[in-house]
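So the structure is just underneath, and the comments pick up after that.
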Amino acid sequence: MGYTNAGKSTLFNRMTGAEVLAKDMLFATLDPTMRGIVLPSENGSAGRKIIASDTVGFISDLPTQLVAAFRATLEEVLEADLVLHVRDISHPETAEQAQDVAEILTSLGVKPSVPMFEVWNKLDLVDPSGRAALAVNSEGRDRVFPISALTGEGIEVLLAAIAQAFDEEKSERMLTLSFAEGRKRAWLHQEGVVQDEEETENGHSLNVRWTARQEKRFREL
Ligand SMILES: Nc1nc2c(ncn2[C@@H]2O[C@H](COP(=O)(O)OP(=O)(O)OP(=O)(O)O)[C@@H](O)[C@H]2O)c(=O)[nH]1
Ligand SMILES: [Mg+2]
């Protein structure tokens, strides 16, 4: 996700090998589009398969006709295991655009706990001195990836980082939920982390196997 015209569809096409309309116009993408990606693995065997979703772009003053498309995008963002915030880093107003995106997300109730990478796109349009400034800026920030979706620069590093983000260790845990906590139980099942469960006098006792990320999300339900 990201501001309109940031290059989301171009990046999506490059990562998935799909052909989604990428155009130099506002709101080229009107609906979230999903495709599978096989991530790289360290030993060269077939990696994990994930589903990527390309979304409609954000803009500070959202035209009313686009609110529905935008809602669909938001659902994608809320459900995502990892969000890539794509920025046109060559745009003179890139900072304002990023701020707008952050504000829209917050106002619509996206929790800051959603894991997010910042993808600094259109690096090919940045001159050498600008690049040096960006390098300084991104230093020490482990979730910033300067790329060019057009030339492919930086894409491999980004894909490797995505693979690593999904390659988390899992731990097991026993949970006790009361009957009133049906929503939490449903969430656990939806995430596919329940190994087995038993009904008890007051609710359910569940044995779950999950990542730290899933545990964190569960605690916030
Ligand atoms: N120079 C350069 N141009 C790029 C890059 N990535 C995308 N573009 C161009 O930027 C324009 C917008 O790209 P899209 O991929 O359609 O942008 P988007 O974020 O999907 O836009 P919306 O769907 O409207 O929100 C197109 O003309 C792309 O060719 C890049 O890395 N470098
Ligand atoms: Mg698009």
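Ordered as shown in the structure tokens, chains take letters A, B, and onward, while each chain numbers its residues from 1 and ligands are numbered from 1 in the order shown.
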
Long-range neighbours of range 153-160 of chain A as a list of chain:residue names, 9 Å cut-off, only C-alpha atoms, 2 positions minimum in chain: A:Leu11, A:Arg14, A:Met15, A:Leu39, A:Pro40, A:Ser41, A:Glu42, A:Val119, A:Leu123, A:Asp124, A:Phe145, A:Pro146, A:Ile147, A:Ser148, A:Ala149, A:Leu150, A:Thr151, A:Ile162, A:Ala163, A:Gln164, A:Ala165

Dump N, CA and C atoms for the selected residues as a CSV table (one decimal), in the first residue's frame?
```csv
chain,number,residue,atom,x,y,z
A,11,LEU,N,5.9,-2.5,-8.7
A,11,LEU,CA,6.6,-3.5,-7.8
A,11,LEU,C,5.9,-4.8,-7.8
A,14,ARG,N,6.6,-6.8,-10.8
A,14,ARG,CA,8.0,-7.3,-10.8
A,14,ARG,C,8.1,-8.5,-9.8
A,15,MET,N,7.5,-8.4,-8.7
A,15,MET,CA,7.6,-9.5,-7.7
A,15,MET,C,6.8,-10.7,-8.0
A,39,LEU,N,8.7,-17.3,-2.3
A,39,LEU,CA,9.8,-16.5,-1.8
A,39,LEU,C,11.1,-17.3,-2.0
A,40,PRO,N,12.2,-16.6,-2.0
A,40,PRO,CA,13.5,-17.3,-2.1
A,40,PRO,C,13.8,-18.0,-0.8
A,41,SER,N,14.5,-19.1,-0.9
A,41,SER,CA,14.9,-19.8,0.4
A,41,SER,C,16.4,-19.9,0.4
A,42,GLU,N,17.0,-20.1,1.6
A,42,GLU,CA,18.4,-20.0,1.7
A,42,GLU,C,19.2,-21.1,1.0
A,119,VAL,N,9.2,0.8,1.7
A,119,VAL,CA,9.9,0.6,0.5
A,119,VAL,C,10.1,1.9,-0.2
A,123,LEU,N,14.3,4.8,-6.9
A,123,LEU,CA,15.6,5.2,-6.6
A,123,LEU,C,16.4,5.6,-7.8
A,124,ASP,N,16.0,5.0,-9.0
A,124,ASP,CA,16.7,5.4,-10.2
A,124,ASP,C,16.5,6.8,-10.6
A,145,PHE,N,13.8,-0.2,2.8
A,145,PHE,CA,14.4,-0.8,1.6
A,145,PHE,C,14.4,0.1,0.4
A,146,PRO,N,15.5,0.7,0.0
A,146,PRO,CA,15.6,1.5,-1.2
A,146,PRO,C,15.6,0.6,-2.4
A,147,ILE,N,14.7,0.9,-3.3
A,147,ILE,CA,14.6,0.0,-4.5
A,147,ILE,C,14.2,0.9,-5.8
A,148,SER,N,14.3,0.2,-6.9
A,148,SER,CA,13.7,0.7,-8.1
A,148,SER,C,12.9,-0.4,-8.7
A,149,ALA,N,11.6,-0.2,-8.7
A,149,ALA,CA,10.7,-1.3,-9.2
A,149,ALA,C,10.9,-1.3,-10.7
A,150,LEU,N,11.4,-0.2,-11.3
A,150,LEU,CA,11.6,-0.1,-12.8
A,150,LEU,C,12.8,-0.9,-13.2
A,151,THR,N,13.9,-0.7,-12.5
A,151,THR,CA,15.2,-1.3,-12.9
A,151,THR,C,15.4,-2.6,-12.2
A,162,ILE,N,11.7,-10.2,3.2
A,162,ILE,CA,10.3,-10.7,3.3
A,162,ILE,C,10.3,-12.2,3.7
A,163,ALA,N,11.2,-12.9,3.0
A,163,ALA,CA,11.3,-14.3,3.3
A,163,ALA,C,11.7,-14.5,4.8
A,164,GLN,N,12.6,-13.7,5.3
A,164,GLN,CA,13.1,-13.8,6.6
A,164,GLN,C,11.9,-13.5,7.6
A,165,ALA,N,11.2,-12.5,7.3
A,165,ALA,CA,10.1,-12.0,8.1
A,165,ALA,C,9.0,-13.2,8.3
```

I want to know what sits within 12 Å of range 68-80 of chain A, based on only C-alpha atoms, with residues of the same chain fewer than 5 positions away left out; could you give that as a PyMOL selection string? chain A and resi 1-4+27-34+50-59+62-63+85+101+104-116+166+187+190-191+213-214+217

Could you give me, as a list of chain:residue names, the residues within 12 Å of range 196-199 of chain A, counting only C-alpha atoms and dropping anything in the same chain fewer than 5 positions from it? A:Glu172, A:Arg173, A:Met174, A:Leu175, A:Thr176, A:Leu177, A:Ser178, A:Phe179, A:Arg185, A:Leu188, A:His189, A:His204, A:Ser205, A:Leu206, A:Asn207, A:Val208, A:Arg209

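For the atom pair formed by atom 12 (C, counted along the ligand's line) of ligand 1 and CA of Pro92 in chain A, the distance is 15.2 Å, given to one decimal.
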